[in-house]
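**Q** You'll find target-v7.cif just under this line, and it carries mmCIF, C-alpha atoms, pLDDT in the B column; chains and numbers go by the auth columns.
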```cif
data_entry
#
loop_
_atom_site.group_PDB
_atom_site.id
_atom_site.type_symbol
_atom_site.label_atom_id
_atom_site.label_comp_id
_atom_site.label_asym_id
_atom_site.label_seq_id
_atom_site.Cartn_x
_atom_site.Cartn_y
_atom_site.Cartn_z
_atom_site.B_iso_or_equiv
_atom_site.auth_seq_id
_atom_site.auth_asym_id
ATOM 1 C CA MET A 1 -7.982 -1.401 12.813 53.00 29 G
ATOM 2 C CA PRO A 2 -6.334 -0.378 16.096 55.00 30 G
ATOM 3 C CA THR A 3 -3.861 2.460 15.748 49.00 31 G
ATOM 4 C CA THR A 4 -1.696 1.562 18.764 54.00 32 G
ATOM 5 C CA ALA A 5 -0.301 -1.596 20.308 65.00 33 G
ATOM 6 C CA GLU A 6 -2.496 -1.145 23.377 68.00 34 G
ATOM 7 C CA GLY A 7 -3.787 -4.583 24.363 86.00 35 G
ATOM 8 C CA LEU A 8 -1.692 -6.394 21.768 90.00 36 G
ATOM 9 C CA LEU A 9 0.932 -7.654 24.200 89.00 37 G
ATOM 10 C CA ASP A 10 -1.774 -9.195 26.394 90.00 38 G
ATOM 11 C CA LEU A 11 -3.249 -10.957 23.366 92.00 39 G
ATOM 12 C CA LEU A 12 0.163 -12.261 22.382 92.00 40 G
ATOM 13 C CA ASP A 13 0.799 -13.611 25.881 92.00 41 G
ATOM 14 C CA GLU A 14 -2.578 -15.355 25.892 93.00 42 G
ATOM 15 C CA ALA A 15 -2.025 -16.833 22.441 92.00 43 G
ATOM 16 C CA ARG A 16 1.443 -18.065 23.398 90.00 44 G
ATOM 17 C CA GLU A 17 0.051 -19.865 26.444 91.00 45 G
ATOM 18 C CA ALA A 18 -3.018 -21.268 24.668 88.00 46 G
ATOM 19 C CA ASP A 19 -3.136 -24.894 23.599 83.00 47 G
ATOM 20 C CA LEU A 20 -2.764 -25.723 19.909 71.00 48 G
ATOM 21 C CA GLY A 21 -6.489 -26.187 19.348 73.00 49 G
ATOM 22 C CA SER A 22 -7.598 -22.825 20.746 84.00 50 G
ATOM 23 C CA ARG A 23 -4.647 -20.620 19.724 89.00 51 G
ATOM 24 C CA ILE A 24 -6.125 -19.946 16.283 88.00 52 G
ATOM 25 C CA GLU A 25 -8.996 -18.094 17.976 90.00 53 G
ATOM 26 C CA TYR A 26 -6.555 -15.254 18.669 92.00 54 G
ATOM 27 C CA ARG A 27 -5.493 -14.841 15.031 93.00 55 G
ATOM 28 C CA ASP A 28 -7.977 -12.193 13.894 93.00 56 G
ATOM 29 C CA CYS A 29 -7.686 -10.053 17.023 93.00 57 G
ATOM 30 C CA ILE A 30 -3.905 -9.992 16.816 93.00 58 G
ATOM 31 C CA ALA A 31 -3.896 -9.469 13.030 92.00 59 G
ATOM 32 C CA SER A 32 -6.162 -6.436 13.406 91.00 60 G
ATOM 33 C CA TYR A 33 -3.067 -4.517 14.567 91.00 61 G
ATOM 34 C CA GLY A 34 -1.605 -4.774 11.044 90.00 62 G
ATOM 35 C CA SER A 35 2.100 -4.008 10.690 90.00 63 G
ATOM 36 C CA VAL A 36 2.524 -3.753 14.457 91.00 64 G
ATOM 37 C CA ALA A 37 1.308 -7.335 14.817 92.00 65 G
ATOM 38 C CA ILE A 38 3.658 -8.521 12.067 92.00 66 G
ATOM 39 C CA ARG A 39 6.640 -7.003 13.854 90.00 67 G
ATOM 40 C CA GLU A 40 5.621 -8.568 17.168 91.00 68 G
ATOM 41 C CA VAL A 41 5.070 -12.117 15.873 92.00 69 G
ATOM 42 C CA ARG A 42 8.077 -12.178 13.547 89.00 70 G
ATOM 43 C CA SER A 43 10.266 -13.581 16.332 88.00 71 G
ATOM 44 C CA TRP A 44 7.762 -16.445 16.617 90.00 72 G
ATOM 45 C CA LEU A 45 8.798 -17.632 13.169 85.00 73 G
ATOM 46 C CA ALA A 46 11.899 -19.199 14.724 81.00 74 G
ATOM 47 C CA ASP A 47 9.831 -21.180 17.246 84.00 75 G
ATOM 48 C CA ALA A 48 8.694 -24.571 15.969 80.00 76 G
ATOM 49 C CA THR A 49 5.623 -24.487 18.226 84.00 77 G
ATOM 50 C CA LEU A 50 4.491 -21.012 17.112 88.00 78 G
ATOM 51 C CA VAL A 51 5.631 -20.652 13.495 87.00 79 G
ATOM 52 C CA SER A 52 2.447 -22.027 11.930 87.00 80 G
ATOM 53 C CA PHE A 53 0.260 -19.633 13.922 91.00 81 G
ATOM 54 C CA ALA A 54 2.583 -16.693 13.184 92.00 82 G
ATOM 55 C CA ILE A 55 2.336 -17.338 9.425 92.00 83 G
ATOM 56 C CA ARG A 56 -1.441 -17.150 9.624 92.00 84 G
ATOM 57 C CA VAL A 57 -1.358 -13.960 11.680 93.00 85 G
ATOM 58 C CA ILE A 58 1.043 -12.324 9.227 94.00 86 G
ATOM 59 C CA GLU A 59 -1.055 -13.217 6.193 93.00 87 G
ATOM 60 C CA LYS A 60 -4.246 -12.002 7.877 92.00 88 G
ATOM 61 C CA ALA A 61 -2.590 -8.754 9.004 92.00 89 G
ATOM 62 C CA ALA A 62 -1.657 -7.985 5.387 91.00 90 G
ATOM 63 C CA ALA A 63 -5.265 -8.571 4.379 87.00 91 G
ATOM 64 C CA VAL A 64 -6.683 -6.100 6.908 85.00 92 G
ATOM 65 C CA ASP A 65 -3.961 -3.436 6.565 82.00 93 G
ATOM 66 C CA ASP A 66 -3.176 -2.310 3.004 78.00 94 G
ATOM 67 C CA GLY A 67 0.144 -0.841 4.127 82.00 95 G
ATOM 68 C CA ALA A 68 1.309 -4.068 5.775 86.00 96 G
ATOM 69 C CA LYS A 69 1.708 -6.202 2.659 88.00 97 G
ATOM 70 C CA ASN A 70 5.403 -5.492 2.145 88.00 98 G
ATOM 71 C CA ASP A 71 6.178 -6.163 5.829 88.00 99 G
ATOM 72 C CA ALA A 72 4.275 -9.452 5.532 90.00 100 G
ATOM 73 C CA LEU A 73 6.143 -10.547 2.406 89.00 101 G
ATOM 74 C CA VAL A 74 9.534 -9.757 3.936 87.00 102 G
ATOM 75 C CA ALA A 75 8.670 -11.733 7.081 87.00 103 G
ATOM 76 C CA LEU A 76 7.308 -14.722 5.157 87.00 104 G
ATOM 77 C CA ARG A 77 10.320 -14.845 2.851 84.00 105 G
ATOM 78 C CA SER A 78 12.630 -15.037 5.864 80.00 106 G
ATOM 79 C CA ILE A 79 11.106 -18.460 6.521 78.00 107 G
ATOM 80 C CA GLN A 80 12.095 -19.674 3.074 61.00 108 G
ATOM 81 C CA GLY A 81 15.703 -18.665 3.586 53.00 109 G
ATOM 82 C CA GLY A 82 16.237 -20.016 7.097 52.00 110 G
ATOM 83 C CA ALA A 83 16.641 -23.397 8.728 52.00 111 G
ATOM 84 C CA PHE A 84 12.914 -24.058 9.047 59.00 112 G
ATOM 85 C CA ALA A 85 10.909 -27.245 8.726 65.00 113 G
ATOM 86 C CA GLU A 86 9.720 -27.972 5.210 67.00 114 G
ATOM 87 C CA THR A 87 6.070 -27.698 6.298 74.00 115 G
ATOM 88 C CA ALA A 88 6.663 -24.143 7.530 78.00 116 G
ATOM 89 C CA LYS A 89 8.421 -23.208 4.290 79.00 117 G
ATOM 90 C CA LEU A 90 5.544 -24.583 2.229 79.00 118 G
ATOM 91 C CA ASP A 91 2.988 -22.741 4.391 83.00 119 G
ATOM 92 C CA ALA A 92 4.948 -19.509 3.906 86.00 120 G
ATOM 93 C CA GLN A 93 5.193 -19.992 0.140 83.00 121 G
ATOM 94 C CA GLU A 94 1.457 -20.533 -0.166 84.00 122 G
ATOM 95 C CA ALA A 95 0.764 -17.424 1.928 88.00 123 G
ATOM 96 C CA ILE A 96 3.111 -15.379 -0.280 88.00 124 G
ATOM 97 C CA LYS A 97 1.281 -16.578 -3.391 85.00 125 G
ATOM 98 C CA ARG A 98 -2.093 -15.648 -1.912 88.00 126 G
ATOM 99 C CA LEU A 99 -0.749 -12.173 -1.147 87.00 127 G
ATOM 100 C CA GLY A 100 0.326 -11.801 -4.773 84.00 128 G
ATOM 101 C CA GLY A 101 4.060 -12.023 -4.108 80.00 129 G
ATOM 102 C CA ALA A 102 6.642 -14.028 -6.038 70.00 130 G
ATOM 103 C CA VAL A 103 8.264 -17.095 -4.549 63.00 131 G
ATOM 104 C CA ARG A 104 11.986 -17.627 -5.073 57.00 132 G
ATOM 105 C CA PRO A 105 12.382 -21.246 -6.272 51.00 133 G
ATOM 106 C CA THR A 106 14.941 -23.633 -4.829 47.00 134 G
ATOM 107 C CA LYS A 107 17.949 -24.550 -6.959 44.00 135 G
ATOM 108 C CA THR A 108 16.240 -27.750 -8.057 40.00 136 G
ATOM 109 C CA THR A 109 13.028 -25.951 -8.946 41.00 137 G
ATOM 110 C CA THR A 110 14.939 -23.197 -10.739 42.00 138 G
ATOM 111 C CA ALA A 111 16.699 -25.757 -12.908 41.00 139 G
ATOM 112 C CA ALA A 112 13.403 -27.432 -13.754 37.00 140 G
ATOM 113 C CA ILE A 113 11.778 -24.095 -14.618 36.00 141 G
ATOM 114 C CA ARG A 114 14.708 -23.124 -16.823 38.00 142 G
ATOM 115 C CA ARG A 115 14.594 -26.437 -18.704 36.00 143 G
ATOM 116 C CA SER A 116 10.878 -26.103 -19.337 37.00 144 G
ATOM 117 C CA SER A 117 10.361 -22.410 -19.955 42.00 145 G
ATOM 118 C CA GLY A 118 13.728 -20.635 -20.090 46.00 146 G
ATOM 119 C CA PRO A 119 13.637 -17.398 -18.080 57.00 147 G
ATOM 120 C CA LEU A 120 13.575 -16.913 -14.348 74.00 148 G
ATOM 121 C CA PRO A 121 10.102 -16.305 -12.906 79.00 149 G
ATOM 122 C CA ALA A 122 11.209 -13.264 -10.883 84.00 150 G
ATOM 123 C CA LEU A 123 13.962 -11.245 -9.261 89.00 151 G
ATOM 124 C CA ILE A 124 13.451 -10.870 -5.508 86.00 152 G
ATOM 125 C CA ARG A 125 15.290 -8.490 -3.220 85.00 153 G
ATOM 126 C CA GLY A 126 17.840 -10.157 -0.973 81.00 154 G
ATOM 127 C CA TYR A 127 18.241 -13.278 -3.089 85.00 155 G
ATOM 128 C CA PRO A 128 21.495 -14.254 -4.851 86.00 156 G
ATOM 129 C CA TYR A 129 21.847 -14.615 -8.620 90.00 157 G
ATOM 130 C CA ARG A 130 24.672 -15.460 -10.994 91.00 158 G
ATOM 131 C CA ARG A 131 25.345 -13.603 -14.192 94.00 159 G
ATOM 132 C CA SER A 132 25.014 -16.864 -16.117 92.00 160 G
ATOM 133 C CA GLU A 133 21.380 -17.339 -15.048 91.00 161 G
ATOM 134 C CA LEU A 134 20.606 -13.681 -15.706 94.00 162 G
ATOM 135 C CA ARG A 135 22.056 -14.072 -19.190 93.00 163 G
ATOM 136 C CA GLU A 136 20.031 -17.239 -19.813 90.00 164 G
ATOM 137 C CA ALA A 137 16.936 -15.302 -18.746 90.00 165 G
ATOM 138 C CA GLY A 138 17.679 -12.704 -21.431 92.00 166 G
ATOM 139 C CA LEU A 139 18.307 -9.907 -18.924 95.00 167 G
ATOM 140 C CA LEU A 140 21.888 -9.029 -19.918 95.00 168 G
ATOM 141 C CA GLY A 141 23.790 -7.687 -22.868 95.00 169 G
ATOM 142 C CA ASN A 142 27.543 -7.915 -22.294 94.00 170 G
ATOM 143 C CA ILE A 143 27.828 -10.416 -19.444 93.00 171 G
ATOM 144 C CA TYR A 144 30.975 -8.738 -18.067 91.00 172 G
ATOM 145 C CA SER A 145 29.779 -5.110 -18.038 93.00 173 G
ATOM 146 C CA GLY A 146 28.950 -3.269 -14.843 94.00 174 G
ATOM 147 C CA ILE A 147 25.993 -1.766 -16.705 97.00 175 G
ATOM 148 C CA SER A 148 24.532 -4.575 -18.795 97.00 176 G
ATOM 149 C CA TYR A 149 21.427 -4.364 -20.960 97.00 177 G
ATOM 150 C CA PRO A 150 19.912 -6.110 -23.981 95.00 178 G
ATOM 151 C CA ALA A 151 19.891 -3.895 -27.060 92.00 179 G
ATOM 152 C CA GLY A 152 16.169 -4.214 -27.661 87.00 180 G
ATOM 153 C CA GLY A 153 15.006 -4.088 -24.048 92.00 181 G
ATOM 154 C CA ASP A 154 13.699 -1.375 -21.745 95.00 182 G
ATOM 155 C CA HIS A 155 15.681 -2.234 -18.610 97.00 183 G
ATOM 156 C CA ALA A 156 19.302 -2.298 -17.434 97.00 184 G
ATOM 157 C CA CYS A 157 21.104 -4.467 -14.879 98.00 185 G
ATOM 158 C CA LEU A 158 23.506 -2.501 -12.689 98.00 186 G
ATOM 159 C CA PHE A 159 26.284 -4.401 -10.887 97.00 187 G
ATOM 160 C CA SER A 160 27.972 -2.888 -7.848 95.00 188 G
ATOM 161 C CA GLY A 161 31.127 -3.908 -5.985 90.00 189 G
ATOM 162 C CA GLY A 162 33.553 -6.668 -6.777 81.00 190 G
ATOM 163 C CA PRO A 163 37.320 -7.188 -6.570 73.00 191 G
ATOM 164 C CA ASN A 164 39.347 -3.969 -6.723 77.00 192 G
ATOM 165 C CA SER A 165 36.286 -1.878 -7.589 81.00 193 G
ATOM 166 C CA GLU A 166 37.520 1.086 -5.535 81.00 194 G
ATOM 167 C CA SER A 167 40.917 1.105 -7.242 75.00 195 G
ATOM 168 C CA TYR A 168 39.052 1.513 -10.525 80.00 196 G
ATOM 169 C CA GLY A 169 37.262 4.570 -9.152 83.00 197 G
ATOM 170 C CA TYR A 170 33.926 3.014 -8.215 89.00 198 G
ATOM 171 C CA ARG A 171 32.670 3.895 -4.749 91.00 199 G
ATOM 172 C CA ASP A 172 29.021 2.868 -4.803 94.00 200 G
ATOM 173 C CA MET A 173 27.199 2.951 -1.480 92.00 201 G
ATOM 174 C CA PRO A 174 23.707 2.849 0.050 91.00 202 G
ATOM 175 C CA HIS A 175 22.189 6.250 0.783 89.00 203 G
ATOM 176 C CA GLY A 176 19.582 5.890 3.516 84.00 204 G
ATOM 177 C CA ASP A 177 17.145 2.979 3.540 80.00 205 G
ATOM 178 C CA ASN A 178 15.890 3.082 -0.032 88.00 206 G
ATOM 179 C CA ALA A 179 18.469 4.954 -2.099 93.00 207 G
ATOM 180 C CA TYR A 180 21.871 4.187 -3.604 95.00 208 G
ATOM 181 C CA ARG A 181 24.737 6.265 -4.947 96.00 209 G
ATOM 182 C CA TYR A 182 25.917 4.491 -8.068 97.00 210 G
ATOM 183 C CA TYR A 183 29.014 5.421 -10.079 96.00 211 G
ATOM 184 C CA GLY A 184 28.655 5.329 -13.846 95.00 212 G
ATOM 185 C CA GLU A 185 31.107 3.731 -16.273 93.00 213 G
ATOM 186 C CA TRP A 186 34.317 5.004 -17.787 88.00 214 G
ATOM 187 C CA ARG A 187 34.746 4.446 -21.514 80.00 215 G
ATOM 188 C CA GLY A 188 38.502 4.672 -21.944 73.00 216 G
ATOM 189 C CA THR A 189 38.829 8.349 -21.022 71.00 217 G
ATOM 190 C CA ARG A 190 39.819 10.170 -17.851 82.00 218 G
ATOM 191 C CA ASP A 191 36.327 11.670 -17.432 91.00 219 G
ATOM 192 C CA MET A 192 32.944 9.973 -17.571 93.00 220 G
ATOM 193 C CA SER A 193 30.345 11.189 -20.047 94.00 221 G
ATOM 194 C CA LEU A 194 26.594 10.686 -20.428 95.00 222 G
ATOM 195 C CA THR A 195 27.064 8.178 -23.221 94.00 223 G
ATOM 196 C CA GLY A 196 26.953 4.372 -23.461 94.00 224 G
ATOM 197 C CA GLY A 197 25.774 2.721 -20.271 96.00 225 G
ATOM 198 C CA ASN A 198 25.499 6.047 -18.466 97.00 226 G
ATOM 199 C CA ARG A 199 23.000 7.265 -21.042 97.00 227 G
ATOM 200 C CA VAL A 200 21.123 3.961 -20.731 97.00 228 G
ATOM 201 C CA ILE A 201 20.742 4.481 -16.969 98.00 229 G
ATOM 202 C CA LEU A 202 18.827 7.684 -17.657 97.00 230 G
ATOM 203 C CA ASP A 203 16.872 6.318 -20.601 97.00 231 G
ATOM 204 C CA ARG A 204 15.796 3.067 -18.958 97.00 232 G
ATOM 205 C CA SER A 205 14.880 4.422 -15.522 97.00 233 G
ATOM 206 C CA PRO A 206 12.783 3.276 -13.632 96.00 234 G
ATOM 207 C CA LYS A 207 13.580 -0.259 -14.814 96.00 235 G
ATOM 208 C CA LEU A 208 17.058 -0.394 -13.282 98.00 236 G
ATOM 209 C CA TYR A 209 17.811 -3.734 -11.590 98.00 237 G
ATOM 210 C CA LEU A 210 20.587 -3.330 -9.016 97.00 238 G
ATOM 211 C CA PHE A 211 22.843 -6.217 -7.956 96.00 239 G
ATOM 212 C CA VAL A 212 25.582 -6.106 -5.293 93.00 240 G
ATOM 213 C CA ASN A 213 28.581 -8.418 -5.546 91.00 241 G
ATOM 214 C CA GLU A 214 28.861 -10.937 -2.708 86.00 242 G
ATOM 215 C CA GLY A 215 31.893 -12.822 -4.035 86.00 243 G
ATOM 216 C CA SER A 216 32.262 -16.243 -5.644 85.00 244 G
ATOM 217 C CA GLY A 217 30.317 -15.090 -8.679 89.00 245 G
ATOM 218 C CA VAL A 218 27.156 -14.325 -6.693 90.00 246 G
ATOM 219 C CA HIS A 219 25.250 -11.027 -6.861 92.00 247 G
ATOM 220 C CA ARG A 220 22.528 -10.051 -4.377 90.00 248 G
ATOM 221 C CA PHE A 221 19.475 -8.394 -5.937 92.00 249 G
ATOM 222 C CA GLU A 222 18.661 -5.079 -4.231 91.00 250 G
ATOM 223 C CA GLY A 223 15.473 -4.206 -6.097 92.00 251 G
ATOM 224 C CA ARG A 224 14.221 -2.108 -8.988 94.00 252 G
ATOM 225 C CA PHE A 225 15.375 1.519 -8.943 97.00 253 G
ATOM 226 C CA MET A 226 14.768 4.819 -10.659 97.00 254 G
ATOM 227 C CA VAL A 227 17.123 7.778 -11.160 97.00 255 G
ATOM 228 C CA THR A 228 16.300 10.808 -9.032 97.00 256 G
ATOM 229 C CA GLY A 229 19.395 12.814 -9.942 96.00 257 G
ATOM 230 C CA HIS A 230 23.064 12.726 -10.870 97.00 258 G
ATOM 231 C CA GLU A 231 26.182 14.773 -10.189 96.00 259 G
ATOM 232 C CA THR A 232 29.817 14.987 -11.232 96.00 260 G
ATOM 233 C CA VAL A 233 32.512 14.350 -8.606 95.00 261 G
ATOM 234 C CA ILE A 234 36.293 14.173 -8.671 92.00 262 G
ATOM 235 C CA ALA A 235 37.496 10.567 -8.503 89.00 263 G
ATOM 236 C CA GLU A 236 40.781 8.701 -8.651 85.00 264 G
ATOM 237 C CA ARG A 237 41.061 5.837 -11.112 81.00 265 G
ATOM 238 C CA GLU A 238 44.227 3.744 -11.097 76.00 266 G
ATOM 239 C CA GLY A 239 46.271 6.723 -9.911 77.00 267 G
ATOM 240 C CA ALA A 240 44.723 9.230 -12.348 83.00 268 G
ATOM 241 C CA ILE A 241 42.300 11.996 -11.357 88.00 269 G
ATOM 242 C CA GLY A 242 39.141 12.495 -13.376 89.00 270 G
ATOM 243 C CA GLU A 243 35.448 13.348 -13.233 93.00 271 G
ATOM 244 C CA ALA A 244 32.962 10.628 -12.356 94.00 272 G
ATOM 245 C CA ILE A 245 29.193 10.721 -12.785 96.00 273 G
ATOM 246 C CA VAL A 246 27.353 9.538 -9.681 97.00 274 G
ATOM 247 C CA PHE A 247 23.689 8.619 -10.040 97.00 275 G
ATOM 248 C CA THR A 248 21.275 8.808 -7.124 97.00 276 G
ATOM 249 C CA LEU A 249 18.935 5.827 -7.368 97.00 277 G
ATOM 250 C CA GLU A 250 15.723 5.332 -5.413 95.00 278 G
ATOM 251 C CA ARG A 251 14.209 1.899 -4.840 94.00 279 G
ATOM 252 C CA VAL A 252 10.711 1.608 -6.303 93.00 280 G
ATOM 253 C CA ALA A 253 10.092 -2.157 -5.952 89.00 281 G
ATOM 254 C CA ASP A 254 11.499 -5.135 -4.061 85.00 282 G
ATOM 255 C CA GLU A 255 10.740 -7.626 -6.812 84.00 283 G
ATOM 256 C CA VAL A 256 10.450 -7.885 -10.575 87.00 284 G
ATOM 257 C CA LEU A 257 8.031 -10.414 -12.055 81.00 285 G
ATOM 258 C CA PHE A 258 8.462 -11.797 -15.557 74.00 286 G
#
```
Can you dump the structure from the file as structure tokens?
**A**
Amino acid sequence: MPTTAEGLLDLLDEAREADLGSRIEYRDCIASYGSVAIREVRSWLADATLVSFAIRVIEKAAAVDDGAKNDALVALRSIQGGAFAETAKLDAQEAIKRLGGAVRPTKTTTAAIRRSSGPLPALIRGYPYRRSELREAGLLGNIYSGISYPAGGDHACLFSGGPNSESYGYRDMPHGDNAYRYYGEWRGTRDMSLTGGNRVILDRSPKLYLFVNEGSGVHRFEGRFMVTGHETVIAEREGAIGEAIVFTLERVADEVLF
């Protein structure tokens, strides 16, 4: 596999100018550049004349470069979420399946799956979920809690943000590309303690499923996380000063399959 992009731009120019019948001949040469090729052809996914070829390049690049799989899945899933032709979406879904990734169903498909088998098939980073569907999937305990977990499970769902969250002393925030600073829960006292949901965060790491509030009852899934540390900070909660426990979470997976 080439280690630089030398020659790649020429191949891309030739493939772009090639007629539909001969363009596919450039797939393997371009895909041999792995993640670099995926980044270069991702813009082609918005071009109706190039999207089909780009999907095939992306899938092939993931096959020849072990480290390119995640880049390929992210690129292919962007097709599902955008204003693309149905044929392109179906091509992308099939490529995702062949790469071993999970496909986020449409609302209609989700409803059909739930009627037939109950739980959601997966949680996928970047996709929106409602607490009601998470509850129906058996993922929650108390549906209203910021840290929600079934009593007999081994995971916890962590909810971040929402109306007036800062006035209640919660100041969660991303920390770099793959980490998150997450405030624990208060349990009726001025200071937080490592009990209740806060204890569960430690005990159920690395199966911590983080959701960020997007309003209107929708929560964006940010991935599966593990605890890498925690600290106590001074925080203000409804005008009172107390000690808050802040967990440092590190993302370990973009999707959870059930």
**Q** G:Ile83, G:Ala272, G:Leu238, G:Leu148: which is nearest Tyr198 of chain G, counting only C-alpha atoms?
**A**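 Smallest distance to Tyr198 of chain G is found for G:Ala272.
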**Q** Please write as a list in words the full residue list that the PyMOL selection byres ((chain G and resi 177) around 10) yields on this file.
**A**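 With the shown file as input, the PyMOL selection byres ((chain G and resi 177) around 10) matches Arg163, Gly166, Leu167, Leu168, Gly169, Asn170, Ile171, Ser173, Gly174, Ile175, Ser176, Pro178, Ala179, Gly180, Gly181, Asp182, His183, Ala184, Cys185, Leu186, Gly225, Val228, Ile229, Arg232 and Leu236 of chain G.
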**Q** So which one's closest to Val261 of chain G, G:Asp231, G:Thr223, G:Arg209, G:Glu68? Using only C-alpha atoms, please.
**A**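 Under the stated criterion, the closest residue is G:Arg209.
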**Q** Which polymer residues have any atom within 8 Å of an atom of Pro234 of chain G, counting all atoms listed in the file, with same-chain residues fewer than 6 positions away left out, as a PyMOL selection string?
**A** chain G and resi 183+252-255+280
**Q** I'd like the neighbourhood of Val85 of chain G as a list of chain:residue names, where a residue qualifies if any of its atoms comes within 7 Å (using all atoms listed in the file), though same-chain residues fewer than 4 positions away should be ignored.
**A** G:Arg55, G:Ile58, G:Ala59, G:Phe81, G:Ala89
**Q** Calculated over only C-alpha atoms, which of the candidates G:Asp282, G:Ala207, G:Cys57, G:Ile269 has the smallest distance to Arg105 of chain G?
**A**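 Comparing G:Asp282, G:Ala207, G:Cys57, G:Ile269 against Arg105 of chain G, the winner is G:Asp282.
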**Q** Could you state the separation of atom CA of Leu285 of chain G and atom CA of Ala130 of chain G in Å, given to one decimal place?
**A**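 Atom CA of Ala130 of chain G lies at a distance of 7.2 Å from atom CA of Leu285 of chain G.
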**Q** Ranking G:Asp94, G:Arg44, G:Gly189, G:Ala100 by minimum distance to Gly243 of chain G and counting all atoms listed in the file, which one comes first?
**A** G:Gly189
**Q** Could you tell me, as a VMD selection string, exactly which residues end up selected when the PyMOL selection byres ((chain G and resi 276) around 12) is applied to this structure?
**A** chain G and resid 200 to 204 206 to 212 229 to 230 233 236 253 to 260 273 to 275 277 to 279
**Q** Restricting the calculation to all atoms listed in the file: of G:Val246, G:Leu39, G:Ile107, G:Gly197, which residue gets closest to Glu53 of chain G?
**A**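 Among the listed residues, G:Leu39 lies closest to Glu53 of chain G.
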**Q** Would you list the contacts of Val102 of chain G as a ChimeraX atom specification, taking every protein, DNA or RNA residue within 12 Å and counting only C-alpha atoms, but skipping same-chain residues closer than 4 positions in sequence?
**A** /G:63,66-67,70,83,86-87,90,96-98,106-109,120-121,123-124,127,129-131,152-155,282-283
**Q** Take the point (-3.8, -2.8, 10.2) as written in the file and pick out every residue within 6 Å of it, counting only C-alpha atoms; give the list as an MDAnalysis selection string.
**A** chainID G and resid 29 60:62 92:93
**Q** I need the residue set behind the PyMOL selection byres ((chain G and resi 241) around 9) for this file; please write it as a ChimeraX atom specification.
**A** /G:187-191,239-240,242-248
